[in-house]
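Engineer: What follows is a structure written as structure tokens; I'll ask about it next.
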Amino acid sequence: MNQDSNAYGRLFKQIDKCLARRMNNGLQQLGLTASQLHILFVLKCHGGILTLKEMEELFNMAQSTIAGLASRLEKKQLVETVPDPTDRRIKRIQVTAKGEEAFQAAHSNMQETERLITSPLNEEERKALLDMLQRVYQNIK
């Protein structure tokens, strides 16, 4: 058996561990978890406000899970619950100014990681790497 036969998976795993460590360290400094950042990211992508029901559907998670994540973010003053203007029974989750700041800091950290990943590559190599990674992902998902 060729010694390189397991190199791809091993390298993907090592890269994943390094990326996770960087992300967790950066998020820890902000007092966030990856799940909480994902909530902020999705909220930002949808205009900064969504109903709990919309979030349940987007994340394919139980209402209790989404409510718990939103509650923890609200305790950190990163989101706030606002009533729906047409139906008071509907809870809307909105990013606060403090949440926006936390998101921007986390986003800057992610951009720095992207620069680190691609810094040894020229533009052509970056495009080729992205294309290859997308094809690998499409093949194994």
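Scheme for the structure tokens: letters A, B, ... for chains in order shown; per-chain residue numbers from 1; ligand numbers from 1 in order shown.
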Assign secondary structure with DSSP using the backbone only, and return the residues of chain A in strand (DSSP E) as an MDAnalysis selection string.
Structural biologist: chainID A and resid 49:51 79:83 91:95
Engineer: Please dump the current selection as a PDB file, in the first residue's frame; keep C-alpha atoms.
Structural biologist:
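Now in part02.pdb:
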ATOM      1  CA  ILE A  49     -34.063  40.190  12.075  1.00  0.00           C
ATOM      2  CA  LEU A  50     -35.954  36.886  11.864  1.00  0.00           C
ATOM      3  CA  THR A  51     -38.776  35.177  13.699  1.00  0.00           C
ATOM      4  CA  VAL A  79     -29.666  40.150  20.110  1.00  0.00           C
ATOM      5  CA  GLU A  80     -32.986  41.367  21.412  1.00  0.00           C
ATOM      6  CA  THR A  81     -36.497  40.008  21.191  1.00  0.00           C
ATOM      7  CA  VAL A  82     -38.951  42.378  19.574  1.00  0.00           C
ATOM      8  CA  PRO A  83     -42.666  41.846  19.053  1.00  0.00           C
ATOM      9  CA  LYS A  91     -41.227  36.708  18.557  1.00  0.00           C
ATOM     10  CA  ARG A  92     -38.664  38.333  16.312  1.00  0.00           C
ATOM     11  CA  ILE A  93     -34.951  38.186  17.059  1.00  0.00           C
ATOM     12  CA  GLN A  94     -32.939  41.234  16.075  1.00  0.00           C
ATOM     13  CA  VAL A  95     -29.187  41.891  16.159  1.00  0.00           C
TER      14      VAL A  95
END
Engineer: Let's see if you can do this: from backbone DSSP, list all alpha helix (DSSP H) residues in range 12-102 of chain A, as number ranges by chain.
Structural biologist: A: 12-30, 34-45, 52-59, 63-75, 97-102
Engineer: Enter the distance from CA of Leu78 in chain A to CA of Ile117 in chain A, in Å, rounded to one decimal.
Structural biologist: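 That distance, rounded to one decimal, is 29.2 Å.
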Engineer: Give me the residues near range 127-131 of chain A as a count of residues only, where near means some atom within 12 Å (using only C-alpha atoms) and where sequence neighbours in that chain fewer than 6 positions away do not count.
Structural biologist: 7
Engineer: Which neighbours of range 11-27 of chain A fall inside 9 Å, counting only C-alpha atoms, when residues of the same chain fewer than 2 positions from it are skipped, and could you give them as a list in words?
Structural biologist: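 In the requested format, the answer is Asn6, Ala7, Tyr8, Gly9, Gln29, Leu30, Gly31, Leu32, Thr33, Ala34, Leu37, Ala105, Ala106, Asn109, Met110 and Thr113 of chain A.
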Engineer: Please produce a file of the residues just selected, as an mmCIF file, in the first residue's frame, where the atoms kept are N, CA, C and O atoms.
Structural biologist:
data_model
loop_
_atom_site.group_PDB
_atom_site.id
_atom_site.type_symbol
_atom_site.label_atom_id
_atom_site.label_comp_id
_atom_site.auth_asym_id
_atom_site.auth_seq_id
_atom_site.Cartn_x
_atom_site.Cartn_y
_atom_site.Cartn_z
ATOM 1 N N ASN A 6 -3.335 7.576 2.389
ATOM 2 C CA ASN A 6 -4.154 8.207 3.428
ATOM 3 C C ASN A 6 -3.804 9.679 3.629
ATOM 4 O O ASN A 6 -4.295 10.315 4.554
ATOM 5 N N ALA A 7 -2.955 10.230 2.773
ATOM 6 C CA ALA A 7 -2.469 11.599 2.966
ATOM 7 C C ALA A 7 -3.580 12.636 2.848
ATOM 8 O O ALA A 7 -3.607 13.597 3.609
ATOM 9 N N TYR A 8 -4.498 12.455 1.919
ATOM 10 C CA TYR A 8 -5.533 13.473 1.701
ATOM 11 C C TYR A 8 -6.434 13.630 2.923
ATOM 12 O O TYR A 8 -6.624 14.735 3.418
ATOM 13 N N GLY A 9 -6.983 12.540 3.370
ATOM 14 C CA GLY A 9 -7.861 12.598 4.535
ATOM 15 C C GLY A 9 -7.145 13.098 5.766
ATOM 16 O O GLY A 9 -7.695 13.897 6.537
ATOM 17 N N GLN A 29 -12.446 34.689 22.837
ATOM 18 C CA GLN A 29 -12.110 36.075 23.191
ATOM 19 C C GLN A 29 -13.333 36.981 23.098
ATOM 20 O O GLN A 29 -13.431 37.982 23.801
ATOM 21 N N LEU A 30 -14.272 36.621 22.216
ATOM 22 C CA LEU A 30 -15.504 37.403 22.054
ATOM 23 C C LEU A 30 -16.643 36.902 22.936
ATOM 24 O O LEU A 30 -17.719 37.486 22.953
ATOM 25 N N GLY A 31 -16.413 35.794 23.639
ATOM 26 C CA GLY A 31 -17.446 35.216 24.482
ATOM 27 C C GLY A 31 -18.554 34.536 23.697
ATOM 28 O O GLY A 31 -19.698 34.498 24.129
ATOM 29 N N LEU A 32 -18.208 34.003 22.518
ATOM 30 C CA LEU A 32 -19.182 33.357 21.636
ATOM 31 C C LEU A 32 -18.831 31.900 21.398
ATOM 32 O O LEU A 32 -17.669 31.506 21.514
ATOM 33 N N THR A 33 -19.842 31.126 21.031
ATOM 34 C CA THR A 33 -19.624 29.767 20.540
ATOM 35 C C THR A 33 -19.836 29.788 19.035
ATOM 36 O O THR A 33 -20.392 30.751 18.480
ATOM 37 N N ALA A 34 -19.436 28.719 18.363
ATOM 38 C CA ALA A 34 -19.632 28.625 16.919
ATOM 39 C C ALA A 34 -21.116 28.679 16.567
ATOM 40 O O ALA A 34 -21.510 29.329 15.595
ATOM 41 N N LEU A 37 -22.316 32.276 16.841
ATOM 42 C CA LEU A 37 -21.847 33.058 15.699
ATOM 43 C C LEU A 37 -22.680 32.732 14.466
ATOM 44 O O LEU A 37 -23.023 33.631 13.696
ATOM 45 N N ALA A 105 -16.157 41.665 14.548
ATOM 46 C CA ALA A 105 -14.882 41.170 15.086
ATOM 47 C C ALA A 105 -14.653 39.720 14.661
ATOM 48 O O ALA A 105 -13.549 39.350 14.250
ATOM 49 N N ALA A 106 -15.707 38.897 14.756
ATOM 50 C CA ALA A 106 -15.586 37.491 14.344
ATOM 51 C C ALA A 106 -15.347 37.393 12.850
ATOM 52 O O ALA A 106 -14.542 36.575 12.391
ATOM 53 N N ASN A 109 -11.797 38.104 12.066
ATOM 54 C CA ASN A 109 -10.996 36.929 12.406
ATOM 55 C C ASN A 109 -11.082 35.886 11.288
ATOM 56 O O ASN A 109 -10.078 35.289 10.905
ATOM 57 N N MET A 110 -12.297 35.678 10.752
ATOM 58 C CA MET A 110 -12.473 34.698 9.671
ATOM 59 C C MET A 110 -11.723 35.144 8.420
ATOM 60 O O MET A 110 -11.098 34.324 7.739
ATOM 61 N N THR A 113 -8.085 34.469 8.811
ATOM 62 C CA THR A 113 -7.819 33.041 8.625
ATOM 63 C C THR A 113 -7.800 32.695 7.140
ATOM 64 O O THR A 113 -6.935 31.944 6.681
#
Engineer: Provide the CA of Ser71 in chain A to CA of Ser108 in chain A distance in Å, to one decimal place.
Structural biologist: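 CA of Ser108 in chain A lies 24.9 Å from CA of Ser71 in chain A.
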Engineer: Between CA of Lys53 in chain A and CA of Ile90 in chain A, what distance in Å does the model show, to one decimal?
Structural biologist: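 Spanning CA of Lys53 in chain A to CA of Ile90 in chain A is a straight-line distance of 8.5 Å.
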Engineer: Can you list, as a list of chain:residue names, every protein, DNA or RNA residue that comes within 10 Å of Lys98 in chain A when you count only C-alpha atoms, leaving out same-chain residues fewer than 4 positions away?
Structural biologist: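 Skipping anything fewer than 4 positions along the chain leaves A:Lys76, A:Gln77, A:Leu78, A:Val79, A:Ala102, A:Phe103, A:Gln104.
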Engineer: I'd like to know which of A:Glu125, A:Leu52, A:Leu69, A:Arg10 is closest to Ile39 in chain A, using only C-alpha atoms.
Structural biologist: A:Leu69
